[in-house]
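Colleague: To be precise about what I am sending: the file is called data_16.csv and holds CSV, C-alpha atoms.
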```
chain,number,residue,atom,x,y,z
A,15,MET,CA,70.0,145.7,44.5
A,16,ASP,CA,69.1,147.4,47.7
A,17,ALA,CA,65.5,148.2,48.6
A,18,SER,CA,66.2,151.9,48.8
A,19,SER,CA,66.4,152.1,45.0
A,20,PHE,CA,62.7,151.6,44.9
A,21,VAL,CA,62.1,154.7,47.2
A,22,ALA,CA,64.4,157.3,45.8
A,23,PRO,CA,64.6,157.8,42.1
A,24,PRO,CA,68.0,156.6,40.7
A,25,PRO,CA,70.3,159.0,39.0
A,26,SER,CA,69.2,157.7,35.6
A,27,GLU,CA,65.7,159.3,36.2
A,28,ARG,CA,67.1,162.7,37.2
A,29,ASN,CA,69.5,162.7,34.2
A,30,PRO,CA,68.3,160.3,31.6
A,31,GLY,CA,71.3,159.1,29.7
A,32,ARG,CA,71.9,156.7,26.9
A,33,SER,CA,73.2,154.0,29.1
A,34,LEU,CA,71.6,150.6,29.7
A,35,HIS,CA,70.7,151.7,33.2
A,36,ARG,CA,68.0,154.1,32.0
A,37,PHE,CA,65.9,150.9,31.8
A,38,ALA,CA,66.8,150.0,35.4
A,39,ASN,CA,64.4,152.5,36.8
A,40,PRO,CA,61.5,150.5,38.3
A,41,GLY,CA,58.9,153.2,37.6
A,42,ARG,CA,59.9,153.3,34.0
A,43,PHE,CA,59.9,149.5,33.7
A,44,LEU,CA,56.4,149.3,35.2
A,45,ARG,CA,55.1,151.9,32.7
A,46,LEU,CA,56.7,150.2,29.7
A,47,SER,CA,55.9,146.7,30.7
A,48,GLY,CA,52.3,147.7,31.6
A,49,ALA,CA,51.9,149.0,28.0
A,50,VAL,CA,53.3,145.9,26.3
A,51,LEU,CA,51.9,143.2,28.6
A,52,PRO,CA,48.3,143.1,27.2
A,53,TRP,CA,49.7,142.9,23.6
A,54,PHE,CA,52.0,140.0,24.6
A,55,ALA,CA,49.3,138.2,26.4
A,56,ALA,CA,46.5,138.6,23.8
A,57,GLY,CA,48.9,138.0,20.9
A,58,GLY,CA,50.4,135.0,22.6
A,59,ALA,CA,47.0,133.4,23.4
A,60,GLY,CA,45.6,134.1,20.0
A,61,LEU,CA,48.6,132.8,18.0
A,62,THR,CA,49.1,129.7,20.2
A,63,ALA,CA,45.4,128.8,19.8
A,64,LEU,CA,45.7,129.3,16.1
A,65,GLY,CA,48.8,127.2,15.8
A,66,LEU,CA,47.5,124.4,18.0
A,67,VAL,CA,44.1,124.2,16.3
A,68,TRP,CA,45.7,124.3,12.8
A,69,GLY,CA,48.2,121.7,13.8
A,70,LEU,CA,45.6,119.4,15.4
A,71,PHE,CA,42.8,119.5,12.9
A,72,PHE,CA,44.0,121.0,9.6
A,73,ALA,CA,47.7,120.1,9.1
A,74,PRO,CA,48.4,116.8,7.3
A,75,ALA,CA,49.5,113.7,9.1
A,76,ASP,CA,53.0,112.4,8.5
A,77,TRP,CA,53.3,109.5,6.0
A,78,GLN,CA,55.5,107.6,8.5
A,79,GLN,CA,54.4,108.7,12.0
A,80,GLY,CA,50.7,109.2,11.2
A,81,ASP,CA,48.8,111.7,13.5
A,82,ALA,CA,51.4,111.4,16.3
A,83,VAL,CA,53.4,114.1,14.4
A,84,ARG,CA,50.8,116.6,15.7
A,85,ILE,CA,52.6,116.4,19.1
A,86,MET,CA,55.3,118.4,17.3
A,87,TYR,CA,53.2,121.6,17.5
A,88,VAL,CA,53.5,121.5,21.3
A,89,HIS,CA,56.9,119.8,21.7
A,90,VAL,CA,59.0,121.9,19.3
A,91,PRO,CA,58.0,125.3,20.6
A,92,ALA,CA,58.5,124.1,24.2
A,93,ALA,CA,62.0,122.8,23.2
A,94,TRP,CA,62.9,126.1,21.6
A,95,LEU,CA,61.7,128.1,24.6
A,96,ALA,CA,63.5,125.9,27.0
A,97,SER,CA,66.8,126.9,25.4
A,98,ALA,CA,65.8,130.4,24.6
A,99,GLY,CA,64.6,131.0,28.1
A,100,TYR,CA,68.0,129.8,29.5
A,101,LEU,CA,69.8,132.1,27.0
A,102,GLY,CA,67.7,134.9,28.4
A,103,LEU,CA,68.6,133.8,32.0
A,104,ALA,CA,72.3,133.8,31.1
A,105,LEU,CA,72.0,137.3,29.5
A,106,CYS,CA,70.3,138.7,32.5
A,107,SER,CA,73.0,137.1,34.7
A,108,LEU,CA,75.7,138.7,32.5
A,109,LEU,CA,74.0,142.1,32.9
A,110,SER,CA,73.8,141.5,36.6
A,111,LEU,CA,77.4,140.5,37.1
A,112,VAL,CA,79.1,143.0,34.7
A,113,TRP,CA,76.9,146.1,34.8
A,114,ARG,CA,75.0,145.5,38.1
A,115,HIS,CA,71.7,146.1,36.3
A,116,PRO,CA,69.2,146.1,39.1
A,117,LEU,CA,66.2,144.7,37.1
A,118,ALA,CA,68.4,141.9,35.6
A,119,ASP,CA,68.5,140.1,39.0
A,120,LEU,CA,64.7,140.2,39.3
A,121,ALA,CA,64.2,139.1,35.7
A,122,ALA,CA,66.7,136.2,36.1
A,123,VAL,CA,64.9,135.0,39.2
A,124,GLU,CA,61.5,135.2,37.4
A,125,ILE,CA,62.7,133.5,34.2
A,126,GLY,CA,64.0,130.4,36.1
A,127,PRO,CA,60.6,128.8,37.1
A,128,VAL,CA,59.0,129.6,33.7
A,129,GLY,CA,61.9,128.2,31.8
A,130,ALA,CA,61.9,125.1,34.1
A,131,GLY,CA,58.1,124.7,33.3
A,132,PHE,CA,58.6,124.9,29.6
A,133,THR,CA,61.6,122.4,29.8
A,134,ALA,CA,59.4,120.0,31.8
A,135,LEU,CA,56.7,120.5,29.0
A,136,CYS,CA,59.4,119.7,26.4
A,137,LEU,CA,60.5,116.6,28.2
A,138,ALA,CA,57.0,115.3,28.9
A,139,THR,CA,55.7,115.8,25.4
A,140,GLY,CA,58.9,114.3,24.0
A,141,SER,CA,58.4,111.3,26.2
A,142,ILE,CA,54.7,111.0,25.1
A,143,TRP,CA,55.9,111.3,21.5
A,144,GLY,CA,58.7,108.8,22.0
A,145,LYS,CA,56.5,106.0,23.3
A,146,PRO,CA,54.5,105.3,20.1
A,147,MET,CA,57.4,106.2,17.8
A,148,TRP,CA,60.5,104.6,19.6
A,149,GLY,CA,58.7,102.1,21.8
A,150,ALA,CA,60.1,103.7,24.9
A,151,TRP,CA,59.2,106.6,27.2
A,152,TRP,CA,62.8,107.5,27.7
A,153,VAL,CA,66.2,106.7,26.2
A,154,TRP,CA,69.6,108.0,27.3
A,155,ASP,CA,70.0,109.8,24.0
A,156,ALA,CA,72.4,112.8,23.8
A,157,ARG,CA,69.6,115.3,23.0
A,158,LEU,CA,67.3,114.0,25.7
A,159,THR,CA,70.0,113.8,28.3
A,160,SER,CA,71.3,117.3,27.5
A,161,VAL,CA,67.8,118.7,27.8
A,162,LEU,CA,67.4,116.9,31.1
A,163,VAL,CA,70.6,118.5,32.3
A,164,LEU,CA,69.1,121.9,31.2
A,165,PHE,CA,66.1,121.1,33.4
A,166,PHE,CA,68.4,120.4,36.4
A,167,LEU,CA,70.3,123.6,35.7
A,168,TYR,CA,67.0,125.5,35.9
A,169,LEU,CA,66.1,123.8,39.2
A,170,GLY,CA,69.6,124.5,40.5
A,171,HIS,CA,69.3,128.2,39.7
A,172,ILE,CA,65.8,128.3,41.4
A,173,ALA,CA,67.2,126.7,44.5
A,174,LEU,CA,70.5,128.7,44.6
A,175,VAL,CA,69.0,132.2,44.3
A,176,ARG,CA,66.7,131.4,47.3
A,177,ALA,CA,69.4,129.7,49.4
A,178,PHE,CA,70.9,132.8,51.0
A,179,ASP,CA,69.7,135.1,53.7
A,180,ASP,CA,71.2,138.0,51.7
A,181,PRO,CA,69.3,138.1,48.4
A,182,VAL,CA,72.2,139.8,46.6
A,183,ARG,CA,74.5,136.9,47.4
A,184,GLY,CA,71.9,134.5,46.0
A,185,TYR,CA,71.6,136.6,42.8
A,186,ARG,CA,75.4,136.5,42.3
A,187,ALA,CA,75.7,132.8,42.9
A,188,GLY,CA,72.7,132.1,40.6
A,189,ALA,CA,74.2,134.3,37.9
A,190,ILE,CA,77.5,132.4,38.0
A,191,LEU,CA,75.6,129.1,37.8
A,192,ALA,CA,73.6,130.4,34.9
A,193,LEU,CA,76.6,131.5,33.0
A,194,ILE,CA,78.5,128.3,33.5
A,195,GLY,CA,75.4,126.3,32.5
A,196,ALA,CA,75.1,128.2,29.2
A,197,VAL,CA,77.8,125.8,28.0
A,198,ASN,CA,75.0,123.3,27.8
A,199,LEU,CA,73.1,125.3,25.1
A,200,PRO,CA,75.4,124.5,22.1
A,201,VAL,CA,75.6,120.9,23.4
A,202,ILE,CA,71.8,120.7,23.1
A,203,LYS,CA,71.8,122.3,19.7
A,204,PHE,CA,74.5,120.2,18.1
A,205,SER,CA,74.0,117.0,20.1
A,206,VAL,CA,72.1,115.5,17.1
A,207,ASP,CA,75.1,116.3,14.8
A,208,TRP,CA,77.9,115.3,17.2
A,209,TRP,CA,76.5,112.0,18.3
A,210,ASN,CA,74.6,109.2,16.6
A,211,THR,CA,71.2,109.9,18.3
A,212,LEU,CA,67.8,108.4,18.2
A,213,HIS,CA,66.4,112.0,18.1
A,214,GLN,CA,65.9,113.3,14.6
A,215,PRO,CA,68.2,116.2,13.4
A,216,ALA,CA,66.9,119.7,13.0
A,217,THR,CA,64.4,120.3,10.2
A,218,ILE,CA,64.4,124.1,10.5
A,219,SER,CA,67.6,126.3,10.6
A,220,PHE,CA,68.5,129.9,10.0
A,221,THR,CA,70.9,129.1,7.3
A,222,GLY,CA,69.1,126.6,5.1
A,223,ALA,CA,65.6,125.9,3.7
A,224,PRO,CA,63.3,123.9,6.0
A,225,THR,CA,63.0,120.2,5.1
A,226,MET,CA,59.4,120.2,6.2
A,227,TYR,CA,56.2,120.3,4.2
A,228,VAL,CA,54.9,123.9,4.2
A,229,GLY,CA,51.5,122.8,5.4
A,230,MET,CA,53.2,121.6,8.6
A,231,LEU,CA,55.6,124.5,8.8
A,232,TRP,CA,53.1,127.3,9.1
A,233,PRO,CA,51.2,126.0,12.1
A,234,LEU,CA,54.5,125.2,13.8
A,235,LEU,CA,55.7,128.8,13.3
A,236,PHE,CA,52.4,130.2,14.5
A,237,ALA,CA,52.5,128.0,17.6
A,238,ALA,CA,56.2,128.8,18.2
A,239,LEU,CA,55.6,132.6,18.0
A,240,GLY,CA,52.5,132.3,20.2
A,241,TYR,CA,54.2,130.3,22.9
A,242,THR,CA,57.1,132.8,22.7
A,243,LEU,CA,54.8,135.7,23.4
A,244,VAL,CA,53.1,133.7,26.2
A,245,PHE,CA,56.5,133.0,27.7
A,246,ALA,CA,57.4,136.7,27.5
A,247,ALA,CA,54.1,137.8,28.9
A,248,ILE,CA,54.5,135.4,31.9
A,249,VAL,CA,58.1,136.7,32.6
A,250,VAL,CA,57.0,140.3,32.3
A,251,ALA,CA,54.1,139.8,34.6
A,252,ARG,CA,56.2,138.0,37.2
A,253,THR,CA,58.9,140.7,37.0
A,254,ARG,CA,56.3,143.4,37.4
A,255,ALA,CA,55.0,141.6,40.5
A,256,ALA,CA,58.5,141.2,41.9
A,257,VAL,CA,59.2,145.0,41.4
A,258,MET,CA,56.0,145.9,43.1
A,259,GLU,CA,56.6,143.5,46.0
A,260,ARG,CA,60.1,145.0,46.4
A,261,ARG,CA,58.5,148.5,46.5
A,262,ILE,CA,56.0,147.3,49.1
A,263,ARG,CA,58.7,146.0,51.3
A,264,ALA,CA,60.8,149.2,50.9
A,265,LEU,CA,57.8,151.4,51.8
A,266,LEU,CA,56.9,149.3,54.8
A,267,MET,CA,60.5,149.4,56.0
A,268,ALA,CA,60.6,153.1,55.5
A,269,ARG,CA,57.4,153.6,57.5
A,270,ALA,CA,58.7,151.3,60.3
A,271,HIS,CA,61.8,153.5,60.6
A,272,GLU,CA,59.7,156.6,60.8
A,273,VAL,CA,57.9,155.4,63.9
A,274,PRO,CA,59.6,157.0,67.0
A,275,ALA,CA,61.2,154.5,69.4
B,6,MET,CA,43.1,109.8,14.1
B,7,THR,CA,45.9,107.5,15.1
B,8,HIS,CA,47.7,107.7,18.5
B,9,LEU,CA,44.8,109.8,19.9
B,10,PRO,CA,45.5,109.3,23.6
B,11,TYR,CA,49.1,110.5,23.2
B,12,ILE,CA,48.1,113.5,21.2
B,13,VAL,CA,45.4,114.5,23.7
B,14,ALA,CA,47.9,114.1,26.6
B,15,ALA,CA,50.5,116.3,24.9
B,16,TYR,CA,48.0,119.0,24.0
B,17,ALA,CA,46.5,119.0,27.5
B,18,LEU,CA,50.0,119.5,28.9
B,19,GLY,CA,50.7,122.2,26.3
B,20,VAL,CA,47.7,124.2,27.5
B,21,LEU,CA,47.8,123.4,31.2
B,22,ILE,CA,51.4,124.1,32.0
B,23,PRO,CA,51.7,127.6,30.4
B,24,GLY,CA,48.1,128.3,31.5
B,25,THR,CA,48.9,127.6,35.1
B,26,PHE,CA,52.0,129.8,34.9
B,27,ALA,CA,50.0,132.6,33.2
B,28,VAL,CA,47.1,132.6,35.7
B,29,ALA,CA,49.5,132.4,38.7
B,30,ALA,CA,51.5,135.4,37.3
B,31,PHE,CA,48.4,137.4,36.7
B,32,LEU,CA,47.0,136.8,40.2
B,33,ARG,CA,50.4,137.6,41.8
B,34,MET,CA,50.7,140.8,39.8
B,35,ARG,CA,47.1,141.9,40.7
B,36,THR,CA,47.7,141.1,44.4
B,37,ALA,CA,50.9,143.2,44.3
B,38,GLN,CA,49.1,146.1,42.5
B,39,ARG,CA,46.4,146.1,45.1
B,40,ARG,CA,48.7,146.0,48.1
B,41,LEU,CA,50.9,148.7,46.6
B,42,ALA,CA,47.9,150.9,45.9
B,43,ALA,CA,46.8,150.5,49.4
B,44,ILE,CA,50.1,151.7,51.0
B,45,ASP,CA,51.6,154.0,48.3
B,46,THR,CA,49.6,157.2,48.0
B,47,ARG,CA,51.5,158.0,44.8
B,48,VAL,CA,49.7,155.2,43.0
B,49,LYS,CA,46.4,156.5,41.7
B,50,ARG,CA,44.8,153.2,40.6
B,51,PRO,CA,45.8,149.6,40.2
B,52,GLY,CA,47.2,148.8,36.8
B,53,SER,CA,48.4,152.3,36.0
B,54,GLY,CA,51.8,151.9,37.7
B,55,PRO,CA,53.3,154.3,40.2
B,56,ARG,CA,53.5,157.9,39.1
B,57,ARG,CA,56.9,159.6,38.9
B,58,ARG,CA,57.9,161.4,42.0
B,59,ALA,CA,58.1,165.2,41.7
B,60,GLN,CA,61.6,166.5,41.5
```
Will you turn the file into structure tokens for me?
Modeller:
Amino acid sequence: MDASSFVAPPPSERNPGRSLHRFANPGRFLRLSGAVLPWFAAGGAGLTALGLVWGLFFAPADWQQGDAVRIMYVHVPAAWLASAGYLGLALCSLLSLVWRHPLADLAAVEIGPVGAGFTALCLATGSIWGKPMWGAWWVWDARLTSVLVLFFLYLGHIALVRAFDDPVRGYRAGAILALIGAVNLPVIKFSVDWWNTLHQPATISFTGAPTMYVGMLWPLLFAALGYTLVFAAIVVARTRAAVMERRIRALLMARAHEVPA
Amino acid sequence: MTHLPYIVAAYALGVLIPGTFAVAAFLRMRTAQRRLAAIDTRVKRPGSGPRRRAQ
């Protein structure tokens, strides 16, 4: 995406169509994101606090694991968002490569560090949970190893998009890496089914009833929804900042060109 | 409560990591809004976003 697109309105603004590119207008994105951001932030903070307090003080302890099961209310949402964030990164990369969607590049760049942070949170809380339950901080289990690979994919994307003097080349290279790395997502999901792992299988699925006591399920769902909104709010805020920084650079460059030699 | 140090450590990370990202994103956004408002005359006030250019 060239900087000039932030100075002159793109064709989609002059002739709003039904195409995906009508959302590529930075001004329109700033207006829409400015409207939803406070709701995401407030809703995310509130639901996360509700889920965590409920899980910490009011949810029952597990008959086998005792109170260590309360780590689940942080670990499981972080694990879901590590994968969901990468899926978002891959979708933005697809939009960027196929349809040249200008905001998709910026969104992909901004999702990367946030996704890496939540993956690190998943790995750290999993390790903290594993020590009292398994007797080890880390095992080379298929689920743990595939999530570690996901973390390295995030780090690789962060490094790759910043490794070129021409940002567009960095975006393209990062998009290809993100799409190739998406192969890891089903491996993470089905690792507990395909291999004999120490990590427990999924207790919640879209197709079957949860195998979890409802008193534990509700705080988990609240925490997961809250963390999801927090994740979305952070990505939206970072993307807004990136759009404005692009606009600042474009304006400063335009002014520099106006100065007579 | 059993395993209290592990639970406290996990919850502390669960608040600190997303919280740090959230604060950093908010500060970056506010800085960009102020800088943009200072150089772009089309922006009326920080937080409102740039106005649409007249056709």
Colleague: Measure the distance from atom CA of Gly131 of chain A to atom CA of Pro23 of chain B in Å and round it to one decimal.
Modeller: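 According to the coordinates, atom CA of Gly131 of chain A and atom CA of Pro23 of chain B are separated by 7.6 Å.
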Colleague: List the neighbours of Ala247 of chain A out to 6 Å using all atoms listed in the file; skip same-chain residues closer than 3 positions along the sequence, and give me the result as a short mmCIF file (atom, residue, chain, number, x, y, z; two decimals) with C-alpha atoms, in the frame of the given file.
Modeller:
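Okay, selection34.cif is ready:
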```
data_model
loop_
_atom_site.label_atom_id
_atom_site.label_comp_id
_atom_site.auth_asym_id
_atom_site.auth_seq_id
_atom_site.Cartn_x
_atom_site.Cartn_y
_atom_site.Cartn_z
CA LEU A 51 51.90 143.20 28.60
CA PHE A 54 52.00 140.00 24.60
CA ALA A 55 49.30 138.20 26.40
CA LEU A 243 54.80 135.70 23.40
CA VAL A 244 53.10 133.70 26.20
CA VAL A 250 57.00 140.30 32.30
#
```
Colleague: Under the rule of at most 6 Å, produce a per-residue listing of chain B near chain A: chain, number, name, the closest pair of atoms, and the distance in Å, as a Markdown table, using only C-alpha atoms.
Modeller:
```
| residue | atom | partner | partner_atom | distance |
| --- | --- | --- | --- | --- |
| B:Thr7 | CA | A:Asp81 | CA | 5.3 |
| B:His8 | CA | A:Ala82 | CA | 5.7 |
| B:Tyr11 | CA | A:Ile142 | CA | 5.9 |
| B:Ile12 | CA | A:Ile85 | CA | 5.8 |
| B:Ala15 | CA | A:Thr139 | CA | 5.2 |
| B:Gly19 | CA | A:Val88 | CA | 5.8 |
| B:Ala27 | CA | A:Ile248 | CA | 5.5 |
| B:Ala30 | CA | A:Arg252 | CA | 5.4 |
| B:Met34 | CA | A:Ala255 | CA | 4.4 |
| B:Ala37 | CA | A:Ala255 | CA | 5.8 |
| B:Leu41 | CA | A:Ile262 | CA | 5.8 |
| B:Gly54 | CA | A:Leu44 | CA | 5.8 |
```
Colleague: Can you write just those residues out, C-alpha atoms, as a PDB file, keeping the file's coordinate frame?
Modeller:
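The new file result17.pdb reads:
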```pdb
ATOM      1  CA  THR B   7      45.900 107.500  15.100  1.00  0.00           C
ATOM      2  CA  HIS B   8      47.700 107.700  18.500  1.00  0.00           C
ATOM      3  CA  TYR B  11      49.100 110.500  23.200  1.00  0.00           C
ATOM      4  CA  ILE B  12      48.100 113.500  21.200  1.00  0.00           C
ATOM      5  CA  ALA B  15      50.500 116.300  24.900  1.00  0.00           C
ATOM      6  CA  GLY B  19      50.700 122.200  26.300  1.00  0.00           C
ATOM      7  CA  ALA B  27      50.000 132.600  33.200  1.00  0.00           C
ATOM      8  CA  ALA B  30      51.500 135.400  37.300  1.00  0.00           C
ATOM      9  CA  MET B  34      50.700 140.800  39.800  1.00  0.00           C
ATOM     10  CA  ALA B  37      50.900 143.200  44.300  1.00  0.00           C
ATOM     11  CA  LEU B  41      50.900 148.700  46.600  1.00  0.00           C
ATOM     12  CA  GLY B  54      51.800 151.900  37.700  1.00  0.00           C
TER      13      GLY B  54
END
```
Colleague: How many Å separate atom CA of Val182 of chain A from atom CA of Val197 of chain A?
Modeller: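 So the answer is 23.9 Å.
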Colleague: Pick the closest to Trp68 of chain A from A:Leu101, A:Ile172, A:Ala264, A:Trp232: which is it, counting only C-alpha atoms?
Modeller: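 Of the candidates, the smallest distance to Trp68 of chain A is held by A:Trp232.
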Colleague: How about completing segment 55-80 of chain A with N, CA and C atoms and giving it to me as a PDB file, in the frame of the given file?
Modeller:
```pdb
ATOM      1  N   ALA A  55      50.189 139.206  25.945  1.00  0.00           N
ATOM      2  CA  ALA A  55      49.300 138.200  26.400  1.00  0.00           C
ATOM      3  C   ALA A  55      48.208 137.833  25.382  1.00  0.00           C
ATOM      4  N   ALA A  56      47.599 138.876  24.807  1.00  0.00           N
ATOM      5  CA  ALA A  56      46.500 138.600  23.800  1.00  0.00           C
ATOM      6  C   ALA A  56      47.126 138.000  22.541  1.00  0.00           C
ATOM      7  N   GLY A  57      48.241 138.543  22.071  1.00  0.00           N
ATOM      8  CA  GLY A  57      48.900 138.000  20.900  1.00  0.00           C
ATOM      9  C   GLY A  57      49.343 136.570  21.095  1.00  0.00           C
ATOM     10  N   GLY A  58      49.920 136.305  22.256  1.00  0.00           N
ATOM     11  CA  GLY A  58      50.400 135.000  22.600  1.00  0.00           C
ATOM     12  C   GLY A  58      49.263 133.956  22.627  1.00  0.00           C
ATOM     13  N   ALA A  59      48.185 134.321  23.325  1.00  0.00           N
ATOM     14  CA  ALA A  59      47.000 133.400  23.400  1.00  0.00           C
ATOM     15  C   ALA A  59      46.432 133.140  22.062  1.00  0.00           C
ATOM     16  N   GLY A  60      46.266 134.208  21.275  1.00  0.00           N
ATOM     17  CA  GLY A  60      45.600 134.100  20.000  1.00  0.00           C
ATOM     18  C   GLY A  60      46.477 133.212  19.006  1.00  0.00           C
ATOM     19  N   LEU A  61      47.782 133.524  18.921  1.00  0.00           N
ATOM     20  CA  LEU A  61      48.600 132.800  18.000  1.00  0.00           C
ATOM     21  C   LEU A  61      48.840 131.340  18.422  1.00  0.00           C
ATOM     22  N   THR A  62      48.948 131.126  19.735  1.00  0.00           N
ATOM     23  CA  THR A  62      49.100 129.700  20.200  1.00  0.00           C
ATOM     24  C   THR A  62      47.841 128.936  19.883  1.00  0.00           C
ATOM     25  N   ALA A  63      46.674 129.527  20.137  1.00  0.00           N
ATOM     26  CA  ALA A  63      45.400 128.800  19.800  1.00  0.00           C
ATOM     27  C   ALA A  63      45.336 128.528  18.321  1.00  0.00           C
ATOM     28  N   LEU A  64      45.706 129.519  17.516  1.00  0.00           N
ATOM     29  CA  LEU A  64      45.700 129.300  16.100  1.00  0.00           C
ATOM     30  C   LEU A  64      46.608 128.187  15.627  1.00  0.00           C
ATOM     31  N   GLY A  65      47.830 128.236  16.125  1.00  0.00           N
ATOM     32  CA  GLY A  65      48.800 127.200  15.800  1.00  0.00           C
ATOM     33  C   GLY A  65      48.395 125.823  16.205  1.00  0.00           C
ATOM     34  N   LEU A  66      47.870 125.717  17.433  1.00  0.00           N
ATOM     35  CA  LEU A  66      47.500 124.400  18.000  1.00  0.00           C
ATOM     36  C   LEU A  66      46.265 123.835  17.237  1.00  0.00           C
ATOM     37  N   VAL A  67      45.268 124.674  16.995  1.00  0.00           N
ATOM     38  CA  VAL A  67      44.100 124.200  16.300  1.00  0.00           C
ATOM     39  C   VAL A  67      44.410 123.808  14.856  1.00  0.00           C
ATOM     40  N   TRP A  68      45.223 124.627  14.209  1.00  0.00           N
ATOM     41  CA  TRP A  68      45.700 124.300  12.800  1.00  0.00           C
ATOM     42  C   TRP A  68      46.437 123.013  12.817  1.00  0.00           C
ATOM     43  N   GLY A  69      47.357 122.883  13.744  1.00  0.00           N
ATOM     44  CA  GLY A  69      48.200 121.700  13.800  1.00  0.00           C
ATOM     45  C   GLY A  69      47.369 120.434  14.124  1.00  0.00           C
ATOM     46  N   LEU A  70      46.359 120.596  14.978  1.00  0.00           N
ATOM     47  CA  LEU A  70      45.600 119.400  15.400  1.00  0.00           C
ATOM     48  C   LEU A  70      44.562 118.974  14.407  1.00  0.00           C
ATOM     49  N   PHE A  71      43.916 119.915  13.734  1.00  0.00           N
ATOM     50  CA  PHE A  71      42.800 119.500  12.900  1.00  0.00           C
ATOM     51  C   PHE A  71      43.025 119.731  11.380  1.00  0.00           C
ATOM     52  N   PHE A  72      43.901 120.617  10.979  1.00  0.00           N
ATOM     53  CA  PHE A  72      44.000 121.000   9.600  1.00  0.00           C
ATOM     54  C   PHE A  72      45.347 120.587   8.915  1.00  0.00           C
ATOM     55  N   ALA A  73      46.403 120.484   9.707  1.00  0.00           N
ATOM     56  CA  ALA A  73      47.700 120.100   9.100  1.00  0.00           C
ATOM     57  C   ALA A  73      47.655 118.621   8.740  1.00  0.00           C
ATOM     58  N   PRO A  74      48.403 118.247   7.711  1.00  0.00           N
ATOM     59  CA  PRO A  74      48.400 116.800   7.300  1.00  0.00           C
ATOM     60  C   PRO A  74      49.121 115.940   8.271  1.00  0.00           C
ATOM     61  N   ALA A  75      48.731 114.679   8.274  1.00  0.00           N
ATOM     62  CA  ALA A  75      49.500 113.700   9.100  1.00  0.00           C
ATOM     63  C   ALA A  75      50.740 113.307   8.336  1.00  0.00           C
ATOM     64  N   ASP A  76      51.689 112.788   9.089  1.00  0.00           N
ATOM     65  CA  ASP A  76      53.000 112.400   8.500  1.00  0.00           C
ATOM     66  C   ASP A  76      52.805 110.996   7.859  1.00  0.00           C
ATOM     67  N   TRP A  77      53.494 110.779   6.734  1.00  0.00           N
ATOM     68  CA  TRP A  77      53.300 109.500   6.000  1.00  0.00           C
ATOM     69  C   TRP A  77      53.894 108.337   6.849  1.00  0.00           C
ATOM     70  N   GLN A  78      54.868 108.635   7.731  1.00  0.00           N
ATOM     71  CA  GLN A  78      55.500 107.600   8.500  1.00  0.00           C
ATOM     72  C   GLN A  78      54.893 107.527   9.939  1.00  0.00           C
ATOM     73  N   GLN A  79      54.766 108.691  10.567  1.00  0.00           N
ATOM     74  CA  GLN A  79      54.400 108.700  12.000  1.00  0.00           C
ATOM     75  C   GLN A  79      52.861 108.806  12.158  1.00  0.00           C
ATOM     76  N   GLY A  80      52.144 109.077  11.111  1.00  0.00           N
ATOM     77  CA  GLY A  80      50.700 109.200  11.200  1.00  0.00           C
ATOM     78  C   GLY A  80      50.355 110.503  11.973  1.00  0.00           C
TER      79      GLY A  80
END
```
